[in-house]
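Structure below is start.txt: compact mmCIF, C-alpha atoms.
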```txt
# COMPACT_ATOMS: atom_id res chain seq x y z
CA MET D 1214 -14.55 11.02 -6.56
CA PRO D 1215 -14.25 7.91 -4.49
CA VAL D 1216 -11.30 5.60 -4.07
CA VAL D 1217 -12.02 2.33 -2.28
CA LYS D 1218 -9.36 -0.05 -1.02
CA ILE D 1219 -10.24 -3.59 -0.02
CA GLU D 1220 -7.59 -5.38 2.01
CA VAL D 1221 -7.98 -9.13 2.56
CA THR D 1222 -5.91 -12.17 3.38
CA ARG D 1223 -4.62 -14.08 0.33
CA GLU D 1224 -6.70 -17.23 0.52
CA GLY D 1225 -7.63 -18.13 -3.02
CA VAL D 1226 -9.74 -15.14 -4.03
CA THR D 1227 -10.56 -15.72 -7.69
CA LYS D 1228 -10.60 -13.25 -10.57
CA GLU D 1229 -14.39 -13.60 -10.67
CA GLN D 1230 -14.73 -12.79 -6.98
CA LYS D 1231 -12.54 -9.74 -7.43
CA GLN D 1232 -14.71 -8.60 -10.33
CA ALA D 1233 -17.81 -9.10 -8.16
CA LEU D 1234 -16.27 -6.96 -5.41
CA ILE D 1235 -15.31 -4.22 -7.88
CA LYS D 1236 -18.73 -4.19 -9.52
CA GLY D 1237 -20.57 -4.39 -6.22
CA VAL D 1238 -18.68 -1.56 -4.55
CA THR D 1239 -18.91 0.68 -7.60
CA ASP D 1240 -22.67 0.11 -7.88
CA LEU D 1241 -23.13 0.70 -4.15
CA ILE D 1242 -21.33 4.03 -4.30
CA SER D 1243 -23.24 5.01 -7.40
CA ASP D 1244 -26.54 4.14 -5.68
CA VAL D 1245 -25.86 5.62 -2.24
CA LEU D 1246 -23.82 8.69 -3.17
CA ASN D 1247 -25.04 9.24 -6.74
CA LYS D 1248 -21.46 9.22 -8.02
CA ASN D 1249 -20.48 8.82 -11.66
CA PRO D 1250 -18.81 5.37 -11.88
CA GLN D 1251 -16.20 6.87 -14.24
CA LEU D 1252 -14.75 8.53 -11.12
CA THR D 1253 -14.68 5.46 -8.88
CA HIS D 1254 -11.53 3.39 -8.47
CA VAL D 1255 -11.48 0.16 -6.46
CA LEU D 1256 -8.15 -1.35 -5.38
CA ILE D 1257 -7.80 -4.85 -3.95
CA LYS D 1258 -4.75 -5.74 -1.88
CA GLU D 1259 -4.16 -9.30 -0.70
CA TYR D 1260 -1.85 -10.07 2.24
CA ASP D 1261 0.07 -13.27 2.82
CA LEU D 1262 -1.09 -15.05 5.96
CA ASP D 1263 2.16 -14.27 7.81
CA ASP D 1264 1.56 -10.57 7.16
CA TRP D 1265 -1.84 -10.20 8.81
CA GLY D 1266 -2.29 -10.35 12.55
CA PHE D 1267 -5.53 -10.68 14.47
CA ALA D 1268 -5.80 -10.63 18.25
CA GLY D 1269 -2.01 -10.71 18.42
CA GLU D 1270 -1.50 -13.78 16.24
CA GLN D 1271 -0.50 -14.33 12.63
CA VAL D 1272 -3.38 -15.57 10.51
CA SER D 1273 -1.09 -18.38 9.29
CA GLU D 1274 -0.99 -19.63 12.89
CA LEU D 1275 -4.73 -19.18 13.38
CA ARG D 1276 -5.43 -21.19 10.22
CA ALA D 1277 -3.01 -23.94 11.36
CA LYS D 1278 -5.18 -24.21 14.49
CA GLY D 1279 -8.30 -24.54 12.36
CA ILE D 1280 -9.58 -21.05 13.10
CA THR D 1281 -11.12 -19.57 9.96
CA ALA D 1282 -12.77 -16.29 9.01
CA ASP D 1283 -15.65 -18.09 7.37
CA LYS D 1284 -19.24 -17.26 8.02
CA LYS D 1285 -20.90 -19.86 10.18
CA MET Z 281 7.63 15.11 7.42
CA PRO Z 282 5.90 13.91 4.33
CA VAL Z 283 5.08 10.40 3.26
CA VAL Z 284 3.87 9.98 -0.32
CA LYS Z 285 2.32 6.82 -1.69
CA ILE Z 286 1.95 6.31 -5.43
CA GLU Z 287 -0.42 3.51 -6.41
CA VAL Z 288 -0.46 2.40 -10.07
CA THR Z 289 -1.37 -0.58 -12.17
CA ARG Z 290 1.51 -2.98 -12.83
CA GLU Z 291 2.14 -2.39 -16.51
CA GLY Z 292 5.87 -2.48 -17.03
CA VAL Z 293 6.99 0.48 -14.91
CA THR Z 294 10.80 0.40 -15.07
CA LYS Z 295 13.33 0.99 -12.30
CA GLU Z 296 14.31 4.24 -14.04
CA GLN Z 297 10.70 5.45 -14.15
CA LYS Z 298 10.32 4.66 -10.46
CA GLN Z 299 13.48 6.63 -9.69
CA ALA Z 300 12.13 9.55 -11.75
CA LEU Z 301 8.88 9.49 -9.74
CA ILE Z 302 10.76 9.36 -6.43
CA LYS Z 303 13.11 12.19 -7.39
CA GLY Z 304 10.33 14.27 -8.90
CA VAL Z 305 7.98 13.99 -5.95
CA THR Z 306 10.75 14.64 -3.41
CA ASP Z 307 11.91 17.74 -5.30
CA LEU Z 308 8.32 18.98 -5.66
CA ILE Z 309 7.71 18.71 -1.93
CA SER Z 310 11.03 20.35 -1.18
CA ASP Z 311 10.19 23.23 -3.55
CA VAL Z 312 6.55 23.76 -2.61
CA LEU Z 313 6.66 23.04 1.14
CA ASN Z 314 10.34 23.81 1.84
CA LYS Z 315 10.78 20.37 3.44
CA ASN Z 316 14.14 18.76 4.14
CA PRO Z 317 14.35 15.80 1.68
CA GLN Z 318 15.89 13.70 4.48
CA LEU Z 319 12.37 13.59 5.94
CA THR Z 320 10.51 12.61 2.76
CA HIS Z 321 9.67 9.00 2.00
CA VAL Z 322 8.04 7.94 -1.28
CA LEU Z 323 6.42 4.50 -1.58
CA ILE Z 324 5.35 2.97 -4.88
CA LYS Z 325 2.76 0.21 -4.93
CA GLU Z 326 1.88 -1.61 -8.14
CA TYR Z 327 -1.38 -3.53 -8.52
CA ASP Z 328 -2.02 -6.48 -10.79
CA LEU Z 329 -4.62 -5.66 -13.43
CA ASP Z 330 -7.20 -7.98 -11.84
CA ASP Z 331 -6.85 -6.02 -8.60
CA TRP Z 332 -7.74 -2.54 -9.86
CA GLY Z 333 -11.25 -1.62 -10.89
CA PHE Z 334 -12.35 1.46 -12.79
CA ALA Z 335 -15.95 2.32 -13.54
CA GLY Z 336 -16.95 -1.09 -12.20
CA GLU Z 337 -14.63 -3.15 -14.40
CA GLN Z 338 -11.29 -4.85 -13.81
CA VAL Z 339 -8.46 -3.10 -15.64
CA SER Z 340 -7.48 -6.50 -17.06
CA GLU Z 341 -10.85 -6.55 -18.83
CA LEU Z 342 -10.55 -2.92 -19.96
CA ARG Z 343 -7.10 -3.61 -21.43
CA ALA Z 344 -8.43 -6.73 -23.22
CA LYS Z 345 -10.97 -4.42 -24.88
CA GLY Z 346 -8.17 -2.08 -25.97
CA ILE Z 347 -8.99 0.63 -23.44
CA THR Z 348 -5.77 2.13 -22.08
CA ALA Z 349 -4.83 4.79 -19.54
CA ASP Z 350 -2.39 6.38 -21.98
CA LYS Z 351 -2.35 10.07 -22.71
CA LYS Z 352 -3.78 10.77 -26.14
CA MET C 1321 -4.74 4.69 -13.27
CA PRO C 1322 -2.73 6.26 -10.50
CA VAL C 1323 -3.84 7.32 -7.06
CA VAL C 1324 -1.34 9.40 -5.09
CA LYS C 1325 -1.66 10.18 -1.41
CA ILE C 1326 0.45 12.91 0.18
CA GLU C 1327 0.57 12.82 3.97
CA VAL C 1328 2.10 15.82 5.77
CA THR C 1329 2.01 17.51 9.14
CA ARG C 1330 -0.58 20.30 9.44
CA GLU C 1331 1.64 23.35 9.59
CA GLY C 1332 -0.05 26.03 7.56
CA VAL C 1333 -0.10 24.47 4.10
CA THR C 1334 -2.03 26.93 1.94
CA LYS C 1335 -4.63 26.26 -0.73
CA GLU C 1336 -2.12 27.46 -3.33
CA GLN C 1337 0.57 25.07 -2.10
CA LYS C 1338 -1.92 22.21 -2.23
CA GLN C 1339 -2.81 23.12 -5.80
CA ALA C 1340 0.91 23.23 -6.68
CA LEU C 1341 1.35 19.74 -5.23
CA ILE C 1342 -1.68 18.39 -7.10
CA LYS C 1343 -0.60 19.94 -10.41
CA GLY C 1344 3.03 18.94 -9.95
CA VAL C 1345 2.32 15.31 -9.12
CA THR C 1346 -0.22 14.94 -11.92
CA ASP C 1347 2.20 16.42 -14.48
CA LEU C 1348 5.03 14.23 -13.19
CA ILE C 1349 2.97 11.08 -13.59
CA SER C 1350 1.79 12.18 -17.00
CA ASP C 1351 5.40 12.84 -18.09
CA VAL C 1352 7.06 9.78 -16.57
CA LEU C 1353 4.34 7.15 -17.06
CA ASN C 1354 2.46 8.70 -20.01
CA LYS C 1355 -0.82 8.50 -18.07
CA ASN C 1356 -3.97 10.37 -19.01
CA PRO C 1357 -4.42 13.02 -16.26
CA GLN C 1358 -8.18 12.28 -16.31
CA LEU C 1359 -7.30 9.05 -14.50
CA THR C 1360 -5.02 10.54 -11.84
CA HIS C 1361 -6.34 11.37 -8.39
CA VAL C 1362 -4.19 13.13 -5.77
CA LEU C 1363 -5.26 13.11 -2.10
CA ILE C 1364 -3.68 15.30 0.55
CA LYS C 1365 -3.98 14.34 4.21
CA GLU C 1366 -2.72 16.65 6.95
CA TYR C 1367 -1.97 15.36 10.45
CA ASP C 1368 -2.08 17.34 13.67
CA LEU C 1369 1.35 17.57 15.28
CA ASP C 1370 0.34 15.29 18.16
CA ASP C 1371 -0.59 12.63 15.61
CA TRP C 1372 2.76 12.29 13.83
CA GLY C 1373 5.77 10.73 15.48
CA PHE C 1374 9.36 10.82 14.28
CA ALA C 1375 12.22 8.99 15.97
CA GLY C 1376 9.86 8.12 18.83
CA GLU C 1377 8.68 11.66 19.59
CA GLN C 1378 5.56 13.62 18.72
CA VAL C 1379 6.23 16.35 16.19
CA SER C 1380 4.48 18.78 18.57
CA GLU C 1381 7.28 18.09 21.06
CA LEU C 1382 10.00 18.34 18.42
CA ARG C 1383 8.65 21.72 17.29
CA ALA C 1384 8.52 22.94 20.92
CA LYS C 1385 12.24 22.16 21.08
CA GLY C 1386 12.85 24.19 17.94
CA ILE C 1387 13.42 21.17 15.70
CA THR C 1388 11.83 21.77 12.30
CA ALA C 1389 11.50 19.84 9.05
CA ASP C 1390 12.64 22.83 7.02
CA LYS C 1391 15.29 22.63 4.36
CA LYS C 1392 18.51 24.18 5.57
CA MET U 539 -11.28 -0.86 16.92
CA PRO U 540 -7.75 -0.32 15.76
CA VAL U 541 -6.17 -1.20 12.46
CA VAL U 542 -2.39 -0.85 12.30
CA LYS U 543 -0.37 -0.98 9.10
CA ILE U 544 3.38 -1.44 9.20
CA GLU U 545 5.18 -0.62 5.96
CA VAL U 546 8.85 -1.62 5.63
CA THR U 547 11.43 -2.36 2.99
CA ARG U 548 11.70 -6.03 2.01
CA GLU U 549 15.06 -6.94 3.50
CA GLY U 550 14.74 -10.41 4.94
CA VAL U 551 12.12 -9.86 7.64
CA THR U 552 11.44 -13.34 9.04
CA LYS U 553 8.14 -14.93 10.01
CA GLU U 554 9.24 -14.74 13.66
CA GLN U 555 10.01 -11.03 13.41
CA LYS U 556 6.59 -10.43 11.84
CA GLN U 557 4.96 -12.33 14.69
CA ALA U 558 6.92 -10.25 17.21
CA LEU U 559 5.70 -7.05 15.53
CA ILE U 560 2.08 -8.26 15.50
CA LYS U 561 2.19 -9.36 19.15
CA GLY U 562 4.04 -6.25 20.27
CA VAL U 563 1.72 -3.79 18.55
CA THR U 564 -1.41 -5.61 19.73
CA ASP U 565 -0.18 -5.67 23.33
CA LEU U 566 0.83 -2.00 23.15
CA ILE U 567 -2.62 -0.98 21.97
CA SER U 568 -4.26 -3.16 24.58
CA ASP U 569 -2.09 -1.60 27.31
CA VAL U 570 -2.27 2.04 26.21
CA LEU U 571 -5.83 2.23 24.90
CA ASN U 572 -7.41 -0.64 26.86
CA LYS U 573 -8.69 -2.20 23.63
CA ASN U 574 -9.92 -5.76 23.31
CA PRO U 575 -7.26 -7.55 21.18
CA GLN U 576 -10.10 -9.34 19.33
CA LEU U 577 -10.72 -6.01 17.60
CA THR U 578 -7.12 -5.24 16.63
CA HIS U 579 -5.80 -6.08 13.18
CA VAL U 580 -2.15 -5.59 12.23
CA LEU U 581 -1.13 -5.58 8.55
CA ILE U 582 2.49 -5.78 7.38
CA LYS U 583 3.41 -4.60 3.90
CA GLU U 584 6.91 -5.06 2.53
CA TYR U 585 8.21 -2.98 -0.39
CA ASP U 586 10.88 -3.97 -2.87
CA LEU U 587 13.93 -1.71 -2.61
CA ASP U 588 13.21 -0.10 -5.98
CA ASP U 589 9.77 0.91 -4.70
CA TRP U 590 10.82 2.92 -1.64
CA GLY U 591 12.48 6.30 -1.95
CA PHE U 592 14.22 8.25 0.76
CA ALA U 593 15.68 11.72 0.33
CA GLY U 594 14.97 11.44 -3.39
CA GLU U 595 16.79 8.15 -3.98
CA GLN U 596 15.68 4.54 -4.34
CA VAL U 597 16.62 2.43 -1.34
CA SER U 598 18.17 -0.07 -3.78
CA GLU U 599 20.64 2.65 -4.76
CA LEU U 600 21.25 3.69 -1.16
CA ARG U 601 22.01 0.09 -0.19
CA ALA U 602 24.39 -0.28 -3.19
CA LYS U 603 26.31 2.67 -1.74
CA GLY U 604 26.48 0.96 1.64
CA ILE U 605 23.91 3.20 3.30
CA THR U 606 21.71 1.15 5.63
CA ALA U 607 18.77 1.80 7.93
CA ASP U 608 20.40 -0.12 10.76
CA LYS U 609 20.70 1.21 14.26
CA LYS U 610 24.26 2.26 15.02
CA MET N 244 -10.30 -10.63 7.71
CA PRO N 245 -11.10 -7.71 5.48
CA VAL N 246 -10.52 -4.03 6.06
CA VAL N 247 -12.17 -1.67 3.59
CA LYS N 248 -11.41 2.02 3.32
CA ILE N 249 -13.72 4.34 1.40
CA GLU N 250 -12.23 7.73 0.56
CA VAL N 251 -14.56 10.43 -0.77
CA THR N 252 -14.77 14.17 -1.04
CA ARG N 253 -16.59 15.87 1.84
CA GLU N 254 -19.79 17.01 0.15
CA GLY N 255 -22.58 16.46 2.59
CA VAL N 256 -22.50 12.70 3.04
CA THR N 257 -25.10 11.97 5.72
CA LYS N 258 -24.92 9.56 8.64
CA GLU N 259 -27.55 7.43 6.90
CA GLN N 260 -25.53 7.27 3.67
CA LYS N 261 -22.47 6.24 5.64
CA GLN N 262 -24.44 3.48 7.34
CA ALA N 263 -25.70 2.32 3.92
CA LEU N 264 -22.12 2.15 2.65
CA ILE N 265 -20.95 0.22 5.73
CA LYS N 266 -23.84 -2.23 5.56
CA GLY N 267 -23.57 -2.63 1.79
CA VAL N 268 -19.84 -3.29 1.74
CA THR N 269 -20.00 -5.70 4.68
CA ASP N 270 -22.83 -7.67 3.06
CA LEU N 271 -21.01 -7.72 -0.28
CA ILE N 272 -17.87 -9.15 1.29
CA SER N 273 -19.90 -11.64 3.26
CA ASP N 274 -21.70 -12.75 0.07
CA VAL N 275 -18.74 -12.82 -2.31
CA LEU N 276 -15.97 -14.05 0.00
CA ASN N 277 -18.06 -15.88 2.62
CA LYS N 278 -16.43 -13.85 5.41
CA ASN N 279 -17.77 -13.59 8.93
CA PRO N 280 -18.99 -9.97 9.28
CA GLN N 281 -17.51 -9.90 12.80
CA LEU N 282 -14.12 -9.69 11.09
CA THR N 283 -14.96 -6.91 8.63
CA HIS N 284 -14.10 -3.29 9.37
CA VAL N 285 -15.15 -0.44 7.06
CA LEU N 286 -13.49 2.98 7.41
CA ILE N 287 -14.81 6.12 5.72
CA LYS N 288 -12.49 9.06 5.18
CA GLU N 289 -13.80 12.36 3.81
CA TYR N 290 -11.47 14.92 2.20
CA ASP N 291 -11.99 18.65 2.03
CA LEU N 292 -12.36 19.83 -1.56
CA ASP N 293 -8.98 21.61 -1.49
CA ASP N 294 -7.35 18.32 -0.54
CA TRP N 295 -8.47 16.20 -3.50
CA GLY N 296 -7.11 16.71 -6.97
CA PHE N 297 -8.45 15.28 -10.20
CA ALA N 298 -6.80 15.74 -13.59
CA GLY N 299 -4.40 18.20 -11.98
CA GLU N 300 -7.03 20.48 -10.43
CA GLN N 301 -8.43 20.85 -6.93
CA VAL N 302 -12.01 19.61 -6.66
CA SER N 303 -12.90 22.95 -5.04
CA GLU N 304 -11.94 24.62 -8.32
CA LEU N 305 -13.76 22.04 -10.42
CA ARG N 306 -16.93 22.53 -8.37
CA ALA N 307 -16.61 26.34 -8.72
CA LYS N 308 -16.67 25.78 -12.48
CA GLY N 309 -19.82 23.69 -12.16
CA ILE N 310 -18.09 20.36 -12.78
CA THR N 311 -19.59 17.70 -10.51
CA ALA N 312 -19.00 14.00 -9.85
CA ASP N 313 -22.71 13.27 -10.11
CA LYS N 314 -24.12 10.50 -12.20
CA LYS N 315 -25.77 11.87 -15.32
CA MET I 738 12.66 2.66 6.67
CA PRO I 739 9.37 1.95 8.33
CA VAL I 740 6.15 3.91 8.24
CA VAL I 741 3.45 2.83 10.69
CA LYS I 742 -0.13 4.02 10.59
CA ILE I 743 -2.43 3.49 13.55
CA GLU I 744 -6.12 3.96 12.80
CA VAL I 745 -8.53 4.11 15.74
CA THR I 746 -11.94 5.42 16.61
CA ARG I 747 -11.98 8.93 18.09
CA GLU I 748 -12.94 8.21 21.68
CA GLY I 749 -10.90 10.51 23.86
CA VAL I 750 -7.36 9.37 23.08
CA THR I 751 -5.11 11.79 24.97
CA LYS I 752 -1.87 13.42 23.87
CA GLU I 753 -0.04 11.25 26.41
CA GLN I 754 -1.57 8.05 25.04
CA LYS I 755 -0.58 9.07 21.53
CA GLN I 756 2.99 9.69 22.70
CA ALA I 757 3.01 6.26 24.38
CA LEU I 758 1.88 4.65 21.12
CA ILE I 759 4.51 6.51 19.09
CA LYS I 760 7.31 5.67 21.54
CA GLY I 761 6.17 2.07 21.93
CA VAL I 762 5.91 1.34 18.21
CA THR I 763 9.23 3.04 17.44
CA ASP I 764 11.02 1.07 20.17
CA LEU I 765 9.39 -2.18 19.03
CA ILE I 766 10.58 -1.69 15.45
CA SER I 767 14.02 -0.72 16.67
CA ASP I 768 14.19 -3.85 18.85
CA VAL I 769 12.69 -6.36 16.41
CA LEU I 770 14.05 -5.07 13.09
CA ASN I 771 17.15 -3.22 14.33
CA LYS I 772 16.03 -0.04 12.54
CA ASN I 773 17.44 3.39 13.23
CA PRO I 774 14.59 5.34 14.91
CA GLN I 775 15.53 8.38 12.81
CA LEU I 776 13.94 6.55 9.89
CA THR I 777 10.70 5.54 11.60
CA HIS I 778 7.55 7.61 11.21
CA VAL I 779 4.34 6.81 13.11
CA LEU I 780 1.03 8.35 11.98
CA ILE I 781 -2.15 8.25 14.07
CA LYS I 782 -5.50 8.70 12.41
CA GLU I 783 -8.70 8.97 14.45
CA TYR I 784 -12.11 8.31 12.91
CA ASP I 785 -15.42 9.74 14.04
CA LEU I 786 -17.76 7.02 15.27
CA ASP I 787 -20.07 7.44 12.27
CA ASP I 788 -17.12 6.77 9.98
CA TRP I 789 -16.09 3.34 11.29
CA GLY I 790 -18.18 0.26 10.70
CA PHE I 791 -17.84 -3.11 12.38
CA ALA I 792 -19.90 -6.15 11.51
CA GLY I 793 -22.02 -3.95 9.27
CA GLU I 794 -22.91 -1.32 11.87
CA GLN I 795 -21.60 2.15 12.64
CA VAL I 796 -19.59 2.27 15.85
CA SER I 797 -21.77 5.21 16.93
CA GLU I 798 -24.73 2.81 16.89
CA LEU I 799 -22.80 0.06 18.65
CA ARG I 800 -21.79 2.47 21.42
CA ALA I 801 -25.41 3.67 21.78
CA LYS I 802 -26.32 0.03 22.45
CA GLY I 803 -23.63 -0.20 25.12
CA ILE I 804 -21.25 -2.30 23.02
CA THR I 805 -17.67 -1.17 23.63
CA ALA I 806 -14.23 -2.18 22.37
CA ASP I 807 -12.84 -2.28 25.88
CA LYS I 808 -10.85 -5.16 27.22
CA LYS I 809 -12.91 -7.25 29.63
```

Written as structure tokens, that's how I'd like the structure from this file.
Amino acid sequence: MPVVKIEVTREGVTKEQKQALIKGVTDLISDVLNKNPQLTHVLIKEYDLDDWGFAGEQVSELRAKGITADKK
Amino acid sequence: MPVVKIEVTREGVTKEQKQALIKGVTDLISDVLNKNPQLTHVLIKEYDLDDWGFAGEQVSELRAKGITADKK
Amino acid sequence: MPVVKIEVTREGVTKEQKQALIKGVTDLISDVLNKNPQLTHVLIKEYDLDDWGFAGEQVSELRAKGITADKK
Amino acid sequence: MPVVKIEVTREGVTKEQKQALIKGVTDLISDVLNKNPQLTHVLIKEYDLDDWGFAGEQVSELRAKGITADKK
Amino acid sequence: MPVVKIEVTREGVTKEQKQALIKGVTDLISDVLNKNPQLTHVLIKEYDLDDWGFAGEQVSELRAKGITADKK
Amino acid sequence: MPVVKIEVTREGVTKEQKQALIKGVTDLISDVLNKNPQLTHVLIKEYDLDDWGFAGEQVSELRAKGITADKK
């Protein structure tokens, strides 16, 4: 009976990416914990960049300075 | 000192339905736990259908296939 | 597809009270939103009294002063 | 490794106020717990007034009656 | 900047299974959203079986009746 | 009407530190948002080190390698 919540900044996540996250997390939980997928709910919550702070600064300000969360 | 969060898919929940949920949950907690309602907060969070996954699929896709969450 | 989380202070909530909360919330959501109960999950999280603050004070301190959350 | 979520009613919180909350919480955690700010995330979630209930009533209704959450 | 919370019933999840969930979710988010893993936090919260309700019943009661969440 | 949740790893946070967090966050919200402290709840949730993952690894493993979250 798992519920998974994914919280991310709102930076153009597409419907297809969301579906990939939902499918991937559900499969992972099914594989690792042997859970029936019919009991797994995945919720995605996006935050505006003014509403997420990292190291004491709004992400909107970090992005304005060219600081991203991208993988190198 | 209870805080209750109700998370549902965004599918036309009306202001009156939200009020019924808030009143119902607050009364329930007052009845069962004998809590002063002045200390009970109820938060409702709706999710777009692309942002909720069930059994590995987006609810938007389930609805497109005619699969609902309605009581039979 | 609702998920409900009930957060309360840990002050002797019994198994029977928890079941009453779970049943009550599930019925409420079924009545108000017409949702299939097979898709409703209710999670109860209790907090130690040092871990909940109200009006700037730990509930453990409030209780030591005789201040309760009981209904009058 | 702290994650802090601040949930408030949506009543005109400005970008500057959000930044003050993010900075203030991050500094507080750094001071009290000696945590590296690079590991602290602060998330702000605003709720529409119909979606927050207090004492069994929607905040939208409380505000219509002139009841505010302001400090006296 | 993702934060992921996995909520499950407390039914013997091992340290190794938790690590597999953490690694799997972090890799998934890195792959799908191209996020730097140094910014991804995964939190696992287990619930006692009296504290999780499904379809209006405590999971402790469902398990006593032989109803599991296992994959068929 | 704010609710604040602070989630941290369980690494010896004392009752006094928790009180400092509760008081500090409540004062901050009172100062920045002009909210009546009687409407502010602060919840602290500690996670065992196996239950928090950062950069794809359990914090218990990071700590075993000497990697801390302390301020330099």

With only C-alpha atoms considered, list every residue of chain I at most 12 Å from chain C, as a ChimeraX atom specification. /I:738-745,750-767,772-783

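Pairwise distance (CA of Lys1284 in chain D, CA of Leu571 in chain U) equals 29.1 Å.
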
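In this model, the gap between CA of Gly292 in chain Z and CA of Thr606 in chain U comes to 27.9 Å.
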
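The interatomic distance for the pair CA of Asp807 in chain I and CA of Lys1278 in chain D works out to 25.9 Å.
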
Could you work out an axis-aligned bounding box for all listed atoms of range 790-807 of chain I, with 4 Å added on each of the six sides, and give its centre and edge lengths in Å to one decimal, as AutoDock Vina command-line options?
```
--center_x -19.6 --center_y -0.5 --center_z 17.6 --size_x 21.5 --size_y 19.4 --size_z 24.6
```
